[in-house]
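Below is one structure; the comments refer to it alone.
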Amino acid sequence: MGILEKISEIEKEIARTQKNKATEYHLGLLKAKLAKYRAQLLEPSKSAAAKGEGFDVMKSGDARVALIGFPSVGKSTFLSLMTSTASEAASYEFTTLTCIPGVIEYKGANIQLLDLPGIIEGAAQGKGRGRQVIAVARTADVVIMMLDATKGEVQRSLLEKELESVGIRLNKCKPNIYFKPKKGGGISFNSTVTLTQCSEKLVQLILHEYKIFNAEVLFREDCSPDEFIDVIVGNRVYMPCLYVYNKIDQISMEEVDRLARRPNSVVISCGMKLNLDYLLEKLWEYLALTCIFTKKRGQRPDFTDAIILRKGASVEHVCHRIHRTLASQFKYALVWGTSTKYSPQRVGLTHLMEHEDVIQIVKK
């Protein structure tokens, strides 16, 4: 019995089993087995040598955004509109067969946009180059899920299921569970909150399934067995996702209004170039980038060349970005902008910078 058959067997068993107090341990064990088999499926086979050309593209720019969606939803048209790269677009499925990168220049930042081939159902098991597509998506900072507004919710749930099965968690935070395997002493289990979905017995059963008999577990929030399995496996990627509904020119205004009000959703039309500017604004918000401008002593600030950093970056991060030895020679910095109480303010290395601040660094 192959891994794929085992996975489908367990999935059928989970679907058959009624969810109640008596079956929660059984379901927890099945979920742990399922996660284990899926992890085996994602590991590249030892026998297969590297054949053909690579699929991933070198990371460039300040951030990376992956375009994921079913065939013929408008991914290539979107890439061609947003960037100077022309990606082949046609009215038949699987026009794009490899990963095509483009660069969006927005607010002084270079955002790398990857046009990936269309995903089909069963991509996580390797159908239609699905595994390579999803592997590239794991390296992105934000996922844009392109959906056809005329197809309803079917596409969204199928894509979420495919990404979920390969360890990509969309718009979710990492579970607040402390987990540390030990050499001996059995399993010590504690929780700082009342647990409604997990119990000590279930946690032990799941750990035994992974052949872990000595560990320290502390639940700091009420998590489900699935989230606990994610913590044990440890290779899950938590990333923000923007659901983009394309082809809104083909549906009614009421439907457009309903889709636009959904959380993390934007409605656009690539054909008629509708709402693309709002999508860029939303993307910037999800990437959480900040622009910081530098200033030399006695000169005007240089607003042409910004330093792009993540939100929550300190003066030390700015120093490292300019030159790696600058932080060791740092005396103080003068900062103008919204992060200070008055302009200019003299600050140290730990001061947190905000969007469009201006900084002048004084060395020892």
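Residue numbers start at 1 in each chain; chains themselves are named A, B, ... in the order of the structure tokens; ligands are numbered from 1 in the order shown.
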Which range 277-344 of chain A residues have any atom within 9 Å of an atom of range 141-144 of chain A, and for each, what is the nearest pair of atoms with distance in Å to one decimal, counting only C-alpha atoms, rows sorted by chain and number, as CSV?
residue,atom,partner,partner_atom,distance
A:Leu283,CA,A:Val142,CA,8.2
A:Tyr286,CA,A:Val142,CA,7.2
A:Leu287,CA,A:Val142,CA,6.6
For the selection just defined, write its residues with all heavy atoms to a file, as a CSV table (one decimal), in the first residue's frame.
chain,number,residue,atom,x,y,z
A,283,LEU,N,-1.6,45.3,-0.9
A,283,LEU,CA,-0.4,44.5,-0.9
A,283,LEU,C,0.7,45.1,-0.1
A,283,LEU,O,1.4,44.4,0.7
A,283,LEU,CB,0.0,44.3,-2.4
A,283,LEU,CG,1.2,43.4,-2.6
A,283,LEU,CD1,0.8,42.0,-2.2
A,283,LEU,CD2,1.5,43.3,-4.1
A,286,TYR,N,0.0,44.5,3.6
A,286,TYR,CA,0.2,43.1,4.0
A,286,TYR,C,1.7,42.8,4.0
A,286,TYR,O,2.1,41.9,4.8
A,286,TYR,CB,-0.5,42.1,3.0
A,286,TYR,CG,-1.9,41.8,3.3
A,286,TYR,CD1,-2.9,42.8,3.3
A,286,TYR,CD2,-2.3,40.5,3.6
A,286,TYR,CE1,-4.2,42.6,3.6
A,286,TYR,CE2,-3.6,40.3,3.9
A,286,TYR,CZ,-4.6,41.3,3.9
A,286,TYR,OH,-5.9,41.0,4.3
A,287,LEU,N,2.5,43.4,3.2
A,287,LEU,CA,4.0,43.2,3.2
A,287,LEU,C,4.6,43.8,4.4
A,287,LEU,O,5.7,43.4,4.8
A,287,LEU,CB,4.6,43.7,1.9
A,287,LEU,CG,4.4,42.9,0.7
A,287,LEU,CD1,4.8,43.7,-0.6
A,287,LEU,CD2,5.1,41.6,0.7
Shell around range 174-187 of chain A at 8 Å using only C-alpha atoms, local window under 3 positions removed, as a list in words: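 Once the adjacent positions are removed, what remains is Gln204, Ile212, Phe213, Asn214, Ala215, Glu216, Val217, Leu218, Phe219, Arg220, Glu221, Cys223, Glu227, Phe228, Val231, Ile232 and Tyr238 of chain A.
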Residue among A:Ala288, A:Val358, A:Ala260, A:Val103 lying closest to Pro301 in chain A, counting only C-alpha atoms: A:Val358
Residues within 8 Å of range 76-86 of chain A, only C-alpha atoms, excluding chain neighbours under 5 positions, as number ranges by chain: A: 96, 101-105, 113, 115, 270
Neighbour list for Glu9 in chain A as an NGL selection string, cut-off 12 Å, only C-alpha atoms, skip fewer than 4 positions in-chain: :A and (1-5 or 13-16 or 30-31 or 33-34 or 37)
Residues flagged alpha helix (DSSP H) by DSSP in range 36-268 of chain A, as a PyMOL selection string: chain A and resi 36-42+75-82+130-138+154-165+200-209+225-233+253-260
Best match for closeness to Ile111 in chain A among A:Pro225, A:Trp284, A:Thr139, A:Met253, counting only C-alpha atoms: A:Trp284
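Atom pair CA of Ile359 in chain A / CA of Tyr332 in chain A has a distance of 10.4 Å (rounded to one decimal).
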Lys364 in chain A environment, 6 Å, only C-alpha atoms, sequence neighbours closer than 6 positions dropped, as number ranges by chain: A: 329-331
